[in-house]
$ cat data-v7.cif   # mmCIF, C-alpha atoms
data_structure
loop_
_atom_site.group_PDB
_atom_site.id
_atom_site.type_symbol
_atom_site.label_atom_id
_atom_site.label_comp_id
_atom_site.auth_asym_id
_atom_site.auth_seq_id
_atom_site.Cartn_x
_atom_site.Cartn_y
_atom_site.Cartn_z
ATOM 1 C CA VAL Y 1 90.867 112.344 107.440
ATOM 2 C CA ILE Y 2 88.220 110.555 109.497
ATOM 3 C CA PRO Y 3 85.262 109.256 107.466
ATOM 4 C CA SER Y 4 82.324 107.245 108.843
ATOM 5 C CA ILE Y 5 80.971 104.358 106.829
ATOM 6 C CA THR Y 6 77.425 103.369 107.732
ATOM 7 C CA ILE Y 7 74.842 103.378 104.947
ATOM 8 C CA ASN Y 8 71.638 105.005 106.155
ATOM 9 C CA HIS Y 9 68.491 105.698 104.191
ATOM 10 C CA LYS Y 10 67.327 108.648 106.289
ATOM 11 C CA ALA Y 11 70.481 110.709 106.466
ATOM 12 C CA TRP Y 12 73.786 110.726 104.687
ATOM 13 C CA LEU Y 13 76.821 109.762 106.625
ATOM 14 C CA LEU Y 14 78.936 111.827 108.936
ATOM 15 C CA GLN Y 15 82.569 112.036 107.946
ATOM 16 C CA VAL Y 16 84.963 114.137 109.955
ATOM 17 C CA THR Y 17 88.217 115.217 108.349
ATOM 18 C CA LYS Y 18 91.247 116.291 110.357
ATOM 19 C CA PHE Y 19 94.743 117.099 109.222
ATOM 20 C CA LYS Y 20 97.452 119.678 109.736
ATOM 21 C CA CYS Y 21 98.371 122.107 106.975
ATOM 22 C CA GLY Y 22 100.993 124.753 107.659
ATOM 23 C CA GLY Y 23 100.496 124.409 111.402
ATOM 24 C CA ILE Y 24 96.702 124.707 111.089
ATOM 25 C CA SER Y 25 94.366 121.856 112.058
ATOM 26 C CA LEU Y 26 91.279 121.616 109.866
ATOM 27 C CA GLY Y 27 87.997 119.785 110.322
ATOM 28 C CA LEU Y 28 85.193 118.829 107.950
ATOM 29 C CA SER Y 29 81.746 117.330 108.521
ATOM 30 C CA TRP Y 30 81.070 115.286 105.408
ATOM 31 C CA ALA Y 31 77.970 113.390 104.322
ATOM 32 C CA HIS Y 32 77.860 110.634 101.743
ATOM 33 C CA VAL Y 33 75.681 107.611 101.151
ATOM 34 C CA LEU Y 34 78.521 105.083 100.990
ATOM 35 C CA GLY Y 35 81.069 106.962 103.054
ATOM 36 C CA ASP Y 36 83.409 107.386 100.117
ATOM 37 C CA PRO Y 37 86.667 108.890 101.478
ATOM 38 C CA LEU Y 38 87.879 109.489 97.922
ATOM 39 C CA SER Y 39 85.151 112.055 97.401
ATOM 40 C CA ALA Y 40 85.831 113.613 100.798
ATOM 41 C CA SER Y 41 89.434 114.220 99.751
ATOM 42 C CA GLU Y 42 88.374 115.704 96.415
ATOM 43 C CA PHE Y 43 85.946 117.976 98.245
ATOM 44 C CA ILE Y 44 88.715 119.288 100.506
ATOM 45 C CA ASN Y 45 90.980 119.912 97.497
ATOM 46 C CA SER Y 46 88.201 121.760 95.642
ATOM 47 C CA TRP Y 47 87.544 123.871 98.714
ATOM 48 C CA GLY Y 48 91.212 124.852 98.682
ATOM 49 C CA LEU Y 49 90.935 125.907 95.029
ATOM 50 C CA ILE Y 50 87.948 128.107 95.822
ATOM 51 C CA LEU Y 51 89.888 129.824 98.587
ATOM 52 C CA LYS Y 52 92.646 130.556 96.065
ATOM 53 C CA ASN Y 53 90.034 132.066 93.697
ATOM 54 C CA MET Y 54 90.986 129.507 91.085
ATOM 55 C CA GLY Y 55 87.420 128.354 90.572
ATOM 56 C CA LEU Y 56 86.278 124.863 89.633
ATOM 57 C CA GLN Y 57 86.409 123.169 86.263
ATOM 58 C CA GLN Y 58 82.705 122.332 86.378
ATOM 59 C CA LEU Y 59 79.705 122.459 88.671
ATOM 60 C CA PHE Y 60 78.868 119.587 90.996
ATOM 61 C CA ASN Y 61 75.800 118.534 89.046
ATOM 62 C CA ILE Y 62 75.677 114.778 89.425
ATOM 63 C CA PRO Y 63 73.021 113.166 87.197
ATOM 64 C CA ARG Y 64 71.094 110.305 88.742
ATOM 65 C CA SER Y 65 70.788 107.101 86.777
ATOM 66 C CA ILE Y 66 67.319 105.907 85.816
ATOM 67 C CA PRO Y 67 66.506 102.799 87.875
ATOM 68 C CA THR Y 68 65.873 99.673 85.817
ATOM 69 C CA PRO Y 69 63.057 97.270 86.728
ATOM 70 C CA ARG Y 70 64.274 94.351 88.804
ATOM 71 C CA GLN Y 71 63.822 90.891 87.406
ATOM 72 C CA PRO Y 72 61.577 88.576 89.426
ATOM 73 C CA GLY Y 73 63.233 85.717 91.211
ATOM 74 C CA PRO Y 74 64.888 84.827 94.501
ATOM 75 C CA GLU Y 75 66.668 87.761 96.079
ATOM 76 C CA LYS Y 76 69.181 87.792 98.878
ATOM 77 C CA ASP Y 77 71.342 90.482 100.365
ATOM 78 C CA PRO Y 78 74.807 90.959 98.867
ATOM 79 C CA VAL Y 79 77.741 89.430 100.691
ATOM 80 C CA SER Y 80 79.488 92.804 101.019
ATOM 81 C CA ALA Y 81 76.613 94.553 102.827
ATOM 82 C CA LYS Y 82 74.800 93.622 106.011
ATOM 83 C CA ARG Y 83 71.266 94.589 106.934
ATOM 84 C CA VAL Y 84 70.959 95.870 110.497
ATOM 85 C CA ASP Y 85 68.129 96.965 112.746
ATOM 86 C CA PRO Y 86 67.097 100.576 112.110
ATOM 87 C CA VAL Y 87 69.793 102.857 113.491
ATOM 88 C CA GLY Y 88 67.690 106.033 113.360
ATOM 89 C CA ASP Y 89 69.685 109.205 113.775
ATOM 90 C CA HIS Y 90 72.667 107.421 115.370
ATOM 91 C CA TRP Y 91 73.948 106.263 111.938
ATOM 92 C CA ILE Y 92 76.488 103.836 113.427
ATOM 93 C CA PRO Y 93 75.393 100.245 114.198
ATOM 94 C CA ALA Y 94 76.217 98.612 117.508
ATOM 95 C CA ASN Y 95 79.189 96.225 117.501
ATOM 96 C CA ASN Y 96 79.194 92.839 119.170
ATOM 97 C CA LYS Y 97 82.873 93.380 119.996
ATOM 98 C CA LYS Y 98 84.885 96.337 121.197
ATOM 99 C CA MET Y 99 87.050 97.574 118.339
ATOM 100 C CA ASP Y 100 90.602 98.893 118.506
ATOM 101 C CA THR Y 101 92.703 100.921 116.053
ATOM 102 C CA PHE Y 102 96.375 100.551 115.214
ATOM 103 C CA SER Y 103 98.509 102.266 112.547
ATOM 104 C CA PHE Y 104 102.030 101.793 111.219
ATOM 105 C CA HIS Y 105 104.272 103.086 108.449
ATOM 106 C CA LEU Y 106 105.897 100.945 105.764
ATOM 107 C CA THR Y 107 108.847 102.434 103.886
ATOM 108 C CA SER Y 108 109.400 101.820 100.196
ATOM 109 C CA SER Y 109 112.424 99.649 100.967
ATOM 110 C CA GLN Y 110 110.313 97.512 103.318
ATOM 111 C CA LEU Y 111 107.625 97.103 100.682
ATOM 112 C CA ASN Y 112 110.131 96.164 97.988
ATOM 113 C CA TYR Y 113 111.663 93.581 100.321
ATOM 114 C CA LEU Y 114 108.245 92.109 101.128
ATOM 115 C CA GLN Y 115 107.371 91.925 97.426
ATOM 116 C CA ALA Y 116 110.598 90.046 96.801
ATOM 117 C CA GLN Y 117 109.784 87.622 99.626
ATOM 118 C CA ILE Y 118 106.446 86.792 97.990
ATOM 119 C CA TRP Y 119 107.339 86.829 94.311
ATOM 120 C CA GLY Y 120 111.093 86.316 94.210
ATOM 121 C CA PRO Y 121 112.808 87.697 91.094
ATOM 122 C CA SER Y 122 109.627 87.372 89.013
ATOM 123 C CA LEU Y 123 108.526 90.444 87.073
ATOM 124 C CA ASP Y 124 104.875 89.309 87.232
ATOM 125 C CA GLN Y 125 104.184 90.765 90.655
ATOM 126 C CA THR Y 126 100.800 91.982 91.781
ATOM 127 C CA PRO Y 127 100.609 95.619 92.942
ATOM 128 C CA LEU Y 128 101.833 96.430 96.438
ATOM 129 C CA PHE Y 129 98.316 96.872 97.795
ATOM 130 C CA GLU Y 130 97.203 93.345 96.925
ATOM 131 C CA SER Y 131 100.468 91.771 98.088
ATOM 132 C CA LEU Y 132 100.268 93.623 101.402
ATOM 133 C CA CYS Y 133 96.616 92.679 101.887
ATOM 134 C CA ALA Y 134 97.362 89.028 101.115
ATOM 135 C CA MET Y 135 99.903 88.954 103.931
ATOM 136 C CA ILE Y 136 97.486 90.609 106.363
ATOM 137 C CA TRP Y 137 94.676 88.288 105.226
ATOM 138 C CA ARG Y 138 96.740 85.255 106.165
ATOM 139 C CA CYS Y 139 97.717 86.845 109.496
ATOM 140 C CA MET Y 140 94.045 87.358 110.309
ATOM 141 C CA ALA Y 141 93.342 83.733 109.433
ATOM 142 C CA ARG Y 142 96.090 82.642 111.805
ATOM 143 C CA ILE Y 143 94.643 84.548 114.778
ATOM 144 C CA ARG Y 144 91.114 83.296 114.055
ATOM 145 C CA PRO Y 145 91.478 79.500 114.197
ATOM 146 C CA GLY Y 146 88.248 77.792 113.238
ATOM 147 C CA SER Y 147 86.762 80.989 111.805
ATOM 148 C CA GLU Y 148 89.329 82.172 109.283
ATOM 149 C CA PRO Y 149 87.949 84.781 106.848
ATOM 150 C CA LYS Y 150 87.268 82.943 103.579
ATOM 151 C CA THR Y 151 85.451 85.922 102.028
ATOM 152 C CA VAL Y 152 86.853 89.448 102.101
ATOM 153 C CA THR Y 153 85.708 92.786 100.706
ATOM 154 C CA VAL Y 154 87.955 95.070 98.659
ATOM 155 C CA CYS Y 155 87.000 98.741 98.245
ATOM 156 C CA ARG Y 156 88.851 101.078 95.906
ATOM 157 C CA SER Y 157 88.291 104.038 93.614
ATOM 158 C CA ASN Y 158 86.538 103.480 90.307
ATOM 159 C CA PRO Y 159 89.318 103.612 87.659
ATOM 160 C CA TYR Y 160 86.822 104.784 85.012
ATOM 161 C CA LYS Y 161 85.801 107.861 87.003
ATOM 162 C CA ARG Y 162 89.222 109.201 87.910
ATOM 163 C CA GLY Y 163 89.950 112.741 86.840
ATOM 164 C CA ASN Y 164 86.367 113.633 85.877
ATOM 165 C CA HIS Y 165 86.262 116.405 88.515
ATOM 166 C CA ILE Y 166 82.806 115.301 89.666
ATOM 167 C CA ILE Y 167 82.355 114.615 93.355
ATOM 168 C CA GLY Y 168 80.175 111.553 93.774
ATOM 169 C CA ASN Y 169 80.295 107.962 94.850
ATOM 170 C CA ASN Y 170 83.381 106.716 93.018
ATOM 171 C CA GLN Y 171 83.983 103.681 95.187
ATOM 172 C CA VAL Y 172 83.964 100.098 93.871
ATOM 173 C CA ILE Y 173 82.929 97.398 96.354
ATOM 174 C CA CYS Y 174 84.038 93.854 95.495
ATOM 175 C CA LYS Y 175 83.821 90.531 97.263
ATOM 176 C CA VAL Y 176 86.672 88.040 96.950
ATOM 177 C CA ASP Y 177 85.676 84.482 97.831
ATOM 178 C CA ALA Y 178 88.333 81.913 98.713
ATOM 179 C CA ALA Y 179 85.841 79.155 99.586
ATOM 180 C CA SER Y 180 87.478 76.901 97.016
ATOM 181 C CA GLU Y 181 90.720 76.957 99.013
ATOM 182 C CA SER Y 182 91.005 74.357 101.752
ATOM 183 C CA SER Y 183 92.565 76.848 104.154
ATOM 184 C CA ILE Y 184 93.781 80.425 103.968
ATOM 185 C CA LEU Y 185 96.822 79.419 106.041
ATOM 186 C CA ASP Y 186 97.757 76.742 103.503
ATOM 187 C CA THR Y 187 97.162 78.961 100.473
ATOM 188 C CA ASP Y 188 100.256 80.459 98.883
ATOM 189 C CA LEU Y 189 100.533 84.236 99.217
ATOM 190 C CA THR Y 190 100.904 84.559 95.444
ATOM 191 C CA VAL Y 191 97.504 82.875 95.056
ATOM 192 C CA LEU Y 192 95.823 85.112 97.633
ATOM 193 C CA ALA Y 193 97.329 88.256 96.095
ATOM 194 C CA SER Y 194 96.265 87.196 92.599
ATOM 195 C CA MET Y 195 92.741 86.505 93.841
ATOM 196 C CA LEU Y 196 92.538 90.027 95.249
ATOM 197 C CA VAL Y 197 93.522 91.387 91.832
ATOM 198 C CA ASP Y 198 91.554 89.151 89.472
ATOM 199 C CA GLN Y 199 88.660 87.487 91.294
ATOM 200 C CA GLY Y 200 86.791 90.389 92.853
ATOM 201 C CA VAL Y 201 83.045 90.467 92.099
ATOM 202 C CA ASP Y 202 81.616 93.989 92.016
ATOM 203 C CA GLU Y 203 78.543 94.088 94.263
ATOM 204 C CA ARG Y 204 77.534 97.737 93.918
ATOM 205 C CA LYS Y 205 74.465 96.899 91.830
ATOM 206 C CA GLN Y 206 73.292 94.258 94.308
ATOM 207 C CA ILE Y 207 73.788 96.687 97.190
ATOM 208 C CA GLU Y 208 71.762 99.373 95.415
ATOM 209 C CA GLU Y 209 68.975 96.906 94.652
ATOM 210 C CA ALA Y 210 68.903 95.632 98.229
ATOM 211 C CA ILE Y 211 68.487 99.193 99.496
ATOM 212 C CA GLU Y 212 65.906 100.179 96.897
ATOM 213 C CA LYS Y 213 63.700 97.083 96.984
ATOM 214 C CA ASP Y 214 62.063 98.137 100.263
ATOM 215 C CA GLN Y 215 61.988 101.852 99.372
ATOM 216 C CA GLY Y 216 65.023 102.601 101.514
ATOM 217 C CA VAL Y 217 63.435 101.524 104.787
ATOM 218 C CA SER Y 218 66.289 99.220 105.831
ATOM 219 C CA ASP Y 219 69.760 100.209 107.016
ATOM 220 C CA PHE Y 220 72.953 98.524 105.830
ATOM 221 C CA PHE Y 221 76.669 98.830 106.399
ATOM 222 C CA VAL Y 222 79.647 97.656 104.338
ATOM 223 C CA TYR Y 223 83.003 98.162 106.081
ATOM 224 C CA GLY Y 224 83.653 95.238 108.395
ATOM 225 C CA VAL Y 225 80.819 92.975 107.215
ATOM 226 C CA ASN Y 226 83.666 90.844 105.901
ATOM 227 C CA LEU Y 227 87.315 91.508 106.587
ATOM 228 C CA THR Y 228 87.608 94.645 104.444
ATOM 229 C CA PHE Y 229 90.589 96.093 102.574
ATOM 230 C CA LEU Y 230 90.235 99.769 101.621
ATOM 231 C CA ASP Y 231 92.632 101.000 98.933
ATOM 232 C CA LEU Y 232 93.186 104.750 99.359
ATOM 233 C CA GLU Y 233 96.409 104.938 97.357
ATOM 234 C CA ASP Y 234 94.792 107.057 94.650
ATOM 235 C CA THR Y 235 93.289 109.646 96.985
ATOM 236 C CA ASN Y 236 94.729 113.111 96.508
ATOM 237 C CA VAL Y 237 95.181 113.639 100.217
ATOM 238 C CA TYR Y 238 98.153 115.987 99.866
ATOM 239 C CA ASP Y 239 96.862 118.249 97.087
ATOM 240 C CA LEU Y 240 95.223 120.830 99.353
ATOM 241 C CA GLN Y 241 97.081 124.152 99.502
ATOM 242 C CA LEU Y 242 96.458 126.901 102.037
ATOM 243 C CA LYS Y 243 98.599 130.029 101.809
ATOM 244 C CA GLY Y 244 101.301 128.069 100.015
ATOM 245 C CA HIS Y 245 101.308 125.203 102.517
ATOM 246 C CA THR Y 246 100.319 121.609 101.871
ATOM 247 C CA PRO Y 247 99.432 118.968 104.489
ATOM 248 C CA LYS Y 248 102.445 117.390 106.173
ATOM 249 C CA PHE Y 249 100.500 114.292 107.137
ATOM 250 C CA VAL Y 250 96.966 112.999 106.580
ATOM 251 C CA TYR Y 251 95.480 110.277 108.739
ATOM 252 C CA TYR Y 252 92.394 108.138 108.159
ATOM 253 C CA THR Y 253 90.311 106.227 110.639
ATOM 254 C CA LEU Y 254 86.718 104.975 110.578
ATOM 255 C CA GLN Y 255 83.728 104.870 112.883
ATOM 256 C CA GLY Y 256 81.133 102.113 112.806
ATOM 257 C CA VAL Y 257 83.336 99.308 111.439
ATOM 258 C CA GLY Y 258 81.782 95.838 111.667
ATOM 259 C CA ASP Y 259 83.257 93.050 113.790
ATOM 260 C CA GLU Y 260 85.288 91.498 110.949
ATOM 261 C CA GLY Y 261 87.506 94.593 110.818
ATOM 262 C CA ILE Y 262 89.056 96.756 108.126
ATOM 263 C CA VAL Y 263 92.531 97.559 106.762
ATOM 264 C CA LEU Y 264 93.192 100.972 105.184
ATOM 265 C CA VAL Y 265 96.233 101.575 102.979
ATOM 266 C CA TYR Y 266 97.041 105.142 101.946
ATOM 267 C CA PRO Y 267 100.019 107.240 100.826
ATOM 268 C CA TRP Y 268 102.826 108.512 102.985
ATOM 269 C CA PRO Y 269 103.878 112.076 102.074
ATOM 270 C CA LYS Y 270 106.562 111.936 99.395
ATOM 271 C CA GLY Y 271 109.737 113.949 99.778
ATOM 272 C CA SER Y 272 108.912 114.846 103.356
ATOM 273 C CA ILE Y 273 111.852 116.737 104.850
ATOM 274 C CA GLU Y 274 110.573 116.091 108.339
ATOM 275 C CA ASN Y 275 110.119 112.345 107.885
ATOM 276 C CA GLY Y 276 112.743 111.686 105.236
ATOM 277 C CA VAL Y 277 111.051 108.551 103.881
ATOM 278 C CA ASP Y 278 108.034 107.608 101.813
ATOM 279 C CA GLY Y 279 106.018 104.432 101.368
ATOM 280 C CA LYS Y 280 102.565 103.536 102.678
ATOM 281 C CA PHE Y 281 100.652 104.098 105.884
ATOM 282 C CA VAL Y 282 98.390 101.336 107.189
ATOM 283 C CA THR Y 283 95.532 101.687 109.657
ATOM 284 C CA MET Y 284 93.827 98.584 111.012
ATOM 285 C CA ILE Y 285 90.572 98.485 112.967
ATOM 286 C CA ILE Y 286 89.846 95.045 114.421
ATOM 287 C CA PRO Y 287 88.343 93.576 117.608
ATOM 288 C CA GLU Y 288 90.326 94.667 120.644
ATOM 289 C CA ASP Y 289 90.904 91.108 121.867
ATOM 290 C CA GLU Y 290 92.723 90.257 118.601
ATOM 291 C CA MET Y 291 95.109 93.214 118.503
ATOM 292 C CA VAL Y 292 98.000 91.744 120.528
ATOM 293 C CA LYS Y 293 97.966 88.534 118.487
ATOM 294 C CA LEU Y 294 97.829 90.438 115.218
ATOM 295 C CA LYS Y 295 100.792 92.655 116.123
ATOM 296 C CA SER Y 296 102.783 89.544 116.967
ATOM 297 C CA GLU Y 297 101.976 88.009 113.570
ATOM 298 C CA LEU Y 298 102.884 91.225 111.761
ATOM 299 C CA LYS Y 299 106.270 91.262 113.491
ATOM 300 C CA ILE Y 300 106.934 87.642 112.569
ATOM 301 C CA ILE Y 301 106.427 88.288 108.846
ATOM 302 C CA GLY Y 302 108.351 91.568 108.892
ATOM 303 C CA LEU Y 303 105.510 94.042 108.379
ATOM 304 C CA LEU Y 304 105.893 95.528 111.845
ATOM 305 C CA LEU Y 305 109.140 96.538 113.501
ATOM 306 C CA GLU Y 306 109.901 95.285 116.991
ATOM 307 C CA ASP Y 307 109.592 98.699 118.633
ATOM 308 C CA ASN Y 308 105.950 99.198 117.489
#
$ encode --input "data-v7.cif" --output "structure tokens"
Amino acid sequence: VIPSITINHKAWLLQVTKFKCGGISLGLSWAHVLGDPLSASEFINSWGLILKNMGLQQLFNIPRSIPTPRQPGPEKDPVSAKRVDPVGDHWIPANNKKMDTFSFHLTSSQLNYLQAQIWGPSLDQTPLFESLCAMIWRCMARIRPGSEPKTVTVCRSNPYKRGNHIIGNNQVICKVDAASESSILDTDLTVLASMLVDQGVDERKQIEEAIEKDQGVSDFFVYGVNLTFLDLEDTNVYDLQLKGHTPKFVYYTLQGVGDEGIVLVYPWPKGSIENGVDGKFVTMIIPEDEMVKLKSELKIIGLLLEDN
């Protein structure tokens, strides 16, 4: 699945979806204001139900909320969104750096081992996503001496809108600020992981207000404004069925990621006869000149095998 992520006031975003299902490659052009890949996956699954003549549980009638008057006072753009020069019909802002993409698979046994390395025998472990992102966060700090990312963005599905069968923007956008820590490199991984779980500040309202206050004239983007972690673990990427076949593998990448980069974490197909293992799949999009250093750091901490 390949979704774009730029926010544009004139046109919704282009998302292209590709995966193989029963030997068939499928593609989808998808438009959405915040480039929500969760909704793109639900759309594909609903399309599959229609083809099976199963129908839908309800119509896609998404009520719009009534805007509330903004309170007067100083206003500034949210940390998780960046205003850019008008992008017109191109939709994707220009990068200052050339970006590169790299993906790797983590088995369940690897993830359990990494959790044990961080938390030891403790039962009070953070979820795998936050633990994994904490390790990558510190790796990124190590390869960016003098400019380590103190603020990151975490995007995930809205837990209160799961299972409502309505396709809409169900993505939560949170900033996590570690400015109080002297250094990301010196901060314990348990602290970083806990911050990702407990200290995220939801900025969706601020983003909406920033876009609406000038009647939608300005363009913004979210992914890559800060180092961004995108949690896709709850996407139903393998629920599509075509003629009795389900996808063997679904892959995500993004277009228009900002210079700070993004990390996507999504499911590996469970019970795959062809692959024989499960776990998570990670895709990273960062500046090209940082990729070699990052791979080296990932190998040192055991996230990446030597042959990758």
$ residues_around --input "data-v7.cif" --residues "Asn45 of chain Y" --least-positions-apart "2" --cutoff "8 Å" --atoms "only C-alpha atoms" --output "list in words"
Ser41, Glu42, Phe43, Trp47, Gly48, Leu49, Asn236, Asp239, Leu240 and Gln241 of chain Y
$ resolve_selection --input "data-v7.cif" --expression "the PyMOL selection byres ((chain Y and resi 137) around 12)" --output "MDAnalysis selection string"
chainID Y and resid 129:136 138:144 148:154 176 178 183:185 187:189 191:193 195:196 226:229 260:263 284 294 297:298
$ closest_residue --input "data-v7.cif" --among "Y:Leu305, Y:Asp234, Y:Ile286, Y:Asp77" --to "Glu212 of chain Y" --atoms "all atoms listed in the file"
Y:Asp77
$ resolve_selection --input "data-v7.cif" --expression "the PyMOL selection byres ((chain Y and resi 222) around 6)" --output "list in words"
Ser80, Ala81, Phe221, Tyr223 and Val225 of chain Y
$ atom_distance --input "data-v7.cif" --atom1 "atom CA of Tyr266 of chain Y" --atom2 "atom CA of Lys280 of chain Y"
5.8 Å
$ closest_residue --input "data-v7.cif" --among "Y:Trp268, Y:Pro37, Y:Val282, Y:Gln215" --to "Tyr238 of chain Y" --atoms "all atoms listed in the file"
Y:Trp268
$ closest_residue --input "data-v7.cif" --among "Y:Ser46, Y:Pro78, Y:Lys175, Y:Phe104" --to "Val265 of chain Y" --atoms "only C-alpha atoms"
Y:Phe104
$ atom_distance --input "data-v7.cif" --atom1 "atom CA of Val197 of chain Y" --atom2 "atom CA of Leu128 of chain Y"
10.8 Å
